[in-house]
Structure formats: C-alpha cells, structure tokens
>>> print(open('run11.cif').read())   # mmCIF, N, CA and C atoms
data_structure
#
loop_
_atom_site.label_atom_id
_atom_site.label_comp_id
_atom_site.auth_asym_id
_atom_site.auth_seq_id
_atom_site.Cartn_x
_atom_site.Cartn_y
_atom_site.Cartn_z
N MET A 1 43.88 39.78 12.31
CA MET A 1 43.63 40.55 13.52
C MET A 1 44.84 41.41 13.83
N SER A 2 44.54 42.50 14.42
CA SER A 2 45.63 43.39 14.77
C SER A 2 46.18 43.03 16.15
N LEU A 3 47.32 43.55 16.44
CA LEU A 3 47.97 43.31 17.73
C LEU A 3 47.09 43.82 18.87
N SER A 4 46.50 44.99 18.70
CA SER A 4 45.65 45.54 19.77
C SER A 4 44.39 44.70 19.97
N THR A 5 43.84 44.14 18.89
CA THR A 5 42.67 43.27 19.01
C THR A 5 43.04 41.98 19.72
N ASP A 6 44.19 41.42 19.38
CA ASP A 6 44.66 40.20 20.05
C ASP A 6 44.86 40.46 21.54
N LEU A 7 45.46 41.59 21.85
CA LEU A 7 45.71 41.93 23.26
C LEU A 7 44.39 42.13 23.99
N GLN A 8 43.44 42.79 23.34
CA GLN A 8 42.14 43.01 23.98
C GLN A 8 41.42 41.69 24.21
N ASN A 9 41.50 40.76 23.25
CA ASN A 9 40.90 39.44 23.42
C ASN A 9 41.53 38.69 24.59
N LEU A 10 42.84 38.79 24.71
CA LEU A 10 43.54 38.16 25.83
C LEU A 10 43.07 38.75 27.15
N LEU A 11 42.99 40.08 27.21
CA LEU A 11 42.54 40.74 28.43
C LEU A 11 41.10 40.35 28.77
N ASP A 12 40.25 40.26 27.76
CA ASP A 12 38.86 39.86 27.99
C ASP A 12 38.78 38.43 28.52
N THR A 13 39.58 37.54 27.95
CA THR A 13 39.60 36.15 28.39
C THR A 13 40.08 36.06 29.84
N LEU A 14 41.14 36.79 30.15
CA LEU A 14 41.66 36.78 31.52
C LEU A 14 40.65 37.36 32.50
N ALA A 15 39.95 38.40 32.10
CA ALA A 15 38.93 38.99 32.97
C ALA A 15 37.81 38.00 33.25
N THR A 16 37.41 37.27 32.22
CA THR A 16 36.35 36.26 32.39
C THR A 16 36.81 35.16 33.34
N GLN A 17 38.03 34.68 33.14
CA GLN A 17 38.56 33.63 34.01
C GLN A 17 38.66 34.13 35.45
N ARG A 18 39.11 35.36 35.61
CA ARG A 18 39.23 35.96 36.94
C ARG A 18 37.86 36.03 37.61
N ASP A 19 36.85 36.51 36.89
CA ASP A 19 35.51 36.63 37.45
C ASP A 19 34.95 35.27 37.85
N GLU A 20 35.19 34.27 37.02
CA GLU A 20 34.72 32.91 37.34
C GLU A 20 35.40 32.39 38.60
N LEU A 21 36.69 32.66 38.74
CA LEU A 21 37.41 32.21 39.93
C LEU A 21 36.94 32.93 41.19
N ILE A 22 36.61 34.19 41.05
CA ILE A 22 36.08 34.94 42.20
C ILE A 22 34.78 34.30 42.67
N VAL A 23 33.89 33.98 41.74
CA VAL A 23 32.62 33.35 42.10
C VAL A 23 32.86 31.99 42.73
N GLN A 24 33.75 31.19 42.13
CA GLN A 24 34.05 29.86 42.67
C GLN A 24 34.65 29.95 44.07
N ALA A 25 35.54 30.92 44.28
CA ALA A 25 36.15 31.09 45.61
C ALA A 25 35.10 31.49 46.63
N HIS A 26 34.20 32.37 46.24
CA HIS A 26 33.14 32.80 47.15
C HIS A 26 32.23 31.61 47.52
N LEU A 27 31.86 30.82 46.52
CA LEU A 27 31.02 29.65 46.80
C LEU A 27 31.75 28.64 47.68
N ALA A 28 33.05 28.45 47.42
CA ALA A 28 33.84 27.52 48.24
C ALA A 28 33.91 28.02 49.68
N LYS A 29 34.03 29.32 49.85
CA LYS A 29 34.07 29.90 51.20
C LYS A 29 32.75 29.64 51.93
N LEU A 30 31.64 29.86 51.22
CA LEU A 30 30.33 29.62 51.84
C LEU A 30 30.16 28.15 52.22
N GLU A 31 30.60 27.28 51.34
CA GLU A 31 30.50 25.84 51.62
C GLU A 31 31.38 25.46 52.80
N ALA A 32 32.59 26.01 52.86
CA ALA A 32 33.49 25.72 53.98
C ALA A 32 32.90 26.22 55.29
N GLU A 33 32.30 27.40 55.26
CA GLU A 33 31.68 27.93 56.48
C GLU A 33 30.53 27.05 56.94
N GLU A 34 29.74 26.57 55.98
CA GLU A 34 28.62 25.68 56.31
C GLU A 34 29.15 24.38 56.92
N ASP A 35 30.17 23.81 56.31
CA ASP A 35 30.77 22.59 56.84
C ASP A 35 31.33 22.83 58.24
N TRP A 36 31.97 23.98 58.43
CA TRP A 36 32.56 24.32 59.73
C TRP A 36 31.47 24.37 60.80
N LEU A 37 30.36 25.01 60.49
CA LEU A 37 29.28 25.11 61.48
C LEU A 37 28.72 23.74 61.83
N LYS A 38 28.60 22.87 60.85
CA LYS A 38 28.12 21.50 61.13
C LYS A 38 29.10 20.77 62.04
N LEU A 39 30.40 20.92 61.75
CA LEU A 39 31.41 20.25 62.58
C LEU A 39 31.40 20.80 64.00
N GLU A 40 31.21 22.09 64.14
CA GLU A 40 31.15 22.70 65.47
C GLU A 40 29.95 22.17 66.25
N GLN A 41 28.82 21.99 65.58
CA GLN A 41 27.64 21.43 66.25
C GLN A 41 27.90 19.99 66.67
N GLN A 42 28.55 19.23 65.81
CA GLN A 42 28.88 17.84 66.15
C GLN A 42 29.83 17.80 67.35
N LEU A 43 30.78 18.69 67.37
CA LEU A 43 31.73 18.73 68.49
C LEU A 43 31.03 19.10 69.79
N GLU A 44 30.14 20.06 69.73
CA GLU A 44 29.38 20.43 70.94
C GLU A 44 28.52 19.27 71.42
N HIS A 45 27.92 18.56 70.49
CA HIS A 45 27.12 17.38 70.85
C HIS A 45 28.01 16.33 71.51
N LEU A 46 29.19 16.11 70.96
CA LEU A 46 30.13 15.14 71.53
C LEU A 46 30.55 15.57 72.93
N ARG A 47 30.82 16.85 73.12
CA ARG A 47 31.20 17.35 74.46
C ARG A 47 30.08 17.12 75.46
N ALA A 48 28.84 17.36 75.04
CA ALA A 48 27.70 17.15 75.93
C ALA A 48 27.58 15.68 76.31
N LYS A 49 27.75 14.79 75.33
CA LYS A 49 27.68 13.36 75.62
C LYS A 49 28.83 12.94 76.54
N ALA A 50 30.00 13.51 76.33
CA ALA A 50 31.15 13.16 77.17
C ALA A 50 30.92 13.57 78.61
N SER A 51 30.29 14.71 78.82
CA SER A 51 30.04 15.15 80.19
C SER A 51 28.99 14.28 80.88
N GLN A 52 28.12 13.64 80.11
CA GLN A 52 27.11 12.75 80.67
C GLN A 52 27.66 11.36 80.95
N ALA A 53 28.76 11.01 80.33
CA ALA A 53 29.29 9.65 80.44
C ALA A 53 29.65 9.29 81.87
N GLY A 54 30.08 10.24 82.65
CA GLY A 54 30.46 9.96 84.02
C GLY A 54 29.29 9.61 84.92
N ALA A 55 28.09 9.94 84.50
CA ALA A 55 26.91 9.72 85.33
C ALA A 55 26.19 8.41 85.03
N VAL A 56 26.75 7.58 84.18
CA VAL A 56 26.09 6.33 83.81
C VAL A 56 26.91 5.14 84.26
N GLY A 57 26.33 3.97 84.16
CA GLY A 57 27.03 2.75 84.56
C GLY A 57 28.19 2.42 83.63
N VAL A 58 28.99 1.44 84.05
CA VAL A 58 30.20 1.07 83.31
C VAL A 58 29.88 0.57 81.92
N ASP A 59 28.90 -0.32 81.78
CA ASP A 59 28.55 -0.85 80.45
C ASP A 59 28.07 0.26 79.54
N THR A 60 27.22 1.12 80.06
CA THR A 60 26.71 2.24 79.26
C THR A 60 27.85 3.19 78.93
N ALA A 61 28.75 3.41 79.86
CA ALA A 61 29.90 4.29 79.62
C ALA A 61 30.76 3.75 78.48
N ARG A 62 30.92 2.43 78.42
CA ARG A 62 31.70 1.83 77.31
C ARG A 62 31.01 2.10 75.98
N ASP A 63 29.69 1.95 75.97
CA ASP A 63 28.94 2.23 74.74
C ASP A 63 29.06 3.70 74.34
N VAL A 64 28.97 4.57 75.34
CA VAL A 64 29.10 6.00 75.07
C VAL A 64 30.49 6.31 74.55
N LEU A 65 31.50 5.69 75.14
CA LEU A 65 32.88 5.92 74.71
C LEU A 65 33.09 5.44 73.27
N ALA A 66 32.54 4.28 72.93
CA ALA A 66 32.67 3.77 71.57
C ALA A 66 32.00 4.71 70.57
N ALA A 67 30.80 5.17 70.91
CA ALA A 67 30.10 6.11 70.03
C ALA A 67 30.85 7.43 69.94
N ALA A 68 31.43 7.86 71.06
CA ALA A 68 32.18 9.12 71.08
C ALA A 68 33.42 9.03 70.19
N LYS A 69 34.08 7.88 70.24
CA LYS A 69 35.25 7.69 69.38
C LYS A 69 34.88 7.78 67.91
N LEU A 70 33.78 7.14 67.54
CA LEU A 70 33.32 7.20 66.15
C LEU A 70 32.97 8.63 65.75
N ALA A 71 32.28 9.32 66.63
CA ALA A 71 31.91 10.71 66.35
C ALA A 71 33.16 11.58 66.23
N GLY A 72 34.11 11.36 67.12
CA GLY A 72 35.36 12.11 67.07
C GLY A 72 36.13 11.87 65.78
N GLU A 73 36.13 10.62 65.33
CA GLU A 73 36.81 10.31 64.06
C GLU A 73 36.11 10.98 62.89
N GLU A 74 34.79 11.03 62.94
CA GLU A 74 34.03 11.69 61.87
C GLU A 74 34.34 13.19 61.85
N ILE A 75 34.40 13.79 63.01
CA ILE A 75 34.73 15.21 63.10
C ILE A 75 36.14 15.45 62.59
N ALA A 76 37.08 14.60 62.96
CA ALA A 76 38.47 14.73 62.49
C ALA A 76 38.54 14.63 60.97
N ARG A 77 37.78 13.71 60.38
CA ARG A 77 37.75 13.60 58.92
C ARG A 77 37.18 14.87 58.29
N GLY A 78 36.17 15.42 58.92
CA GLY A 78 35.59 16.67 58.44
C GLY A 78 36.59 17.80 58.48
N TYR A 79 37.34 17.90 59.57
CA TYR A 79 38.39 18.93 59.67
C TYR A 79 39.44 18.74 58.58
N GLU A 80 39.80 17.48 58.33
CA GLU A 80 40.80 17.21 57.30
C GLU A 80 40.28 17.58 55.91
N ARG A 81 39.00 17.31 55.64
CA ARG A 81 38.41 17.73 54.36
C ARG A 81 38.50 19.24 54.20
N LEU A 82 38.16 19.96 55.25
CA LEU A 82 38.24 21.42 55.20
C LEU A 82 39.68 21.88 54.99
N ARG A 83 40.60 21.26 55.70
CA ARG A 83 42.02 21.62 55.58
C ARG A 83 42.50 21.46 54.13
N ARG A 84 42.07 20.38 53.47
CA ARG A 84 42.49 20.14 52.09
C ARG A 84 41.89 21.16 51.13
N THR A 85 40.71 21.67 51.44
CA THR A 85 40.08 22.64 50.55
C THR A 85 40.65 24.04 50.72
N LEU A 86 41.33 24.27 51.81
CA LEU A 86 41.87 25.63 52.05
C LEU A 86 43.20 25.83 51.40
#
>>> encode(input="run11.cif", output="structure tokens")
Amino acid sequence: MSLSTDLQNLLDTLATQRDELIVQAHLAKLEAEEDWLKLEQQLEHLRAKASQAGAVGVDTARDVLAAAKLAGEEIARGYERLRRTL
C-alpha cells in the first residue's frame, strides 16, 4: 500500500468512528432528556403529596412522610445517574 492509501484508510476509519460517536451522543442526549422528564414528573408528584400532608392526621402524615422520603431518595438516585452520564 502506498502512503496516501494508508492515510486515506486512516481518515476513513476516523470518520466512521466520529460518525458513530455522533449518533451515540445524540441517542444518549435523547435518553437523558427522557429520564429528566420522568424525574421532573416524579418531583412534581412528590411536591403535590407534600402539600397534602398538612391536611391529614398525624398517623397518615407519618405514612406520607415515609413514602415521600423513599420517593425523594429515588429521585436523588435518578439525578445521580444522569450526572454520571454527563
């Protein structure tokens, strides 16, 4: 093979790798946006439940608080997953 053929093969290989990475980055972005929207919905749901907690009895409020803590931890884990992917 000639030097120019070797160089062209290298450039072709790099172009292919670049194109694959562009597609992967785009898909990762779409996935991250989808995850973000789900987390935002969960957070809004948690906020709505938190605002209702004051209107219920003490025992029910404890149950709501326990569920809210679990939901909050799940949302925090989701944020951390997104942070690691960025």
>>> closest_residue(input="run11.cif", among="A:Arg83, A:Glu33, A:Ile22, A:Val64", to="Ala50 (chain A)", atoms="all atoms listed in the file")
A:Val64
>>> atom_distance(input="run11.cif", atom1="CA of Ala66 (chain A)", atom2="atom C of Lys38 (chain A)")
19.8 Å
>>> closest_residue(input="run11.cif", among="A:Gly72, A:Ala55, A:Ala25, A:Ala61", to="Leu43 (chain A)", atoms="all atoms listed in the file")
A:Gly72
>>> atom_distance(input="run11.cif", atom1="CA of Leu37 (chain A)", atom2="CA of Lys49 (chain A)")
18.5 Å
>>> closest_residue(input="run11.cif", among="A:Asp59, A:Ser51, A:Leu46, A:Arg18", to="Ala71 (chain A)", atoms="all atoms listed in the file")
A:Leu46
>>> residues_near_point(input="run11.cif", point="(31.3, 14.8, 60.9)", cutoff="8 Å", atoms="all atoms listed in the file", output="MDAnalysis selection string")
chainID A and resid 38:40 42:43 71:79
>>> atom_distance(input="run11.cif", atom1="atom N of Gln24 (chain A)", atom2="atom N of Thr5 (chain A)")
28.5 Å
>>> axis_aligned_box(input="run11.cif", around="region 40-56 of chain A", padding_each_side="3 Å", output="JSON")
{"center_x": 28.9, "center_y": 13.9, "center_z": 74.7, "size_x": 11.6, "size_y": 23.6, "size_z": 27.2}
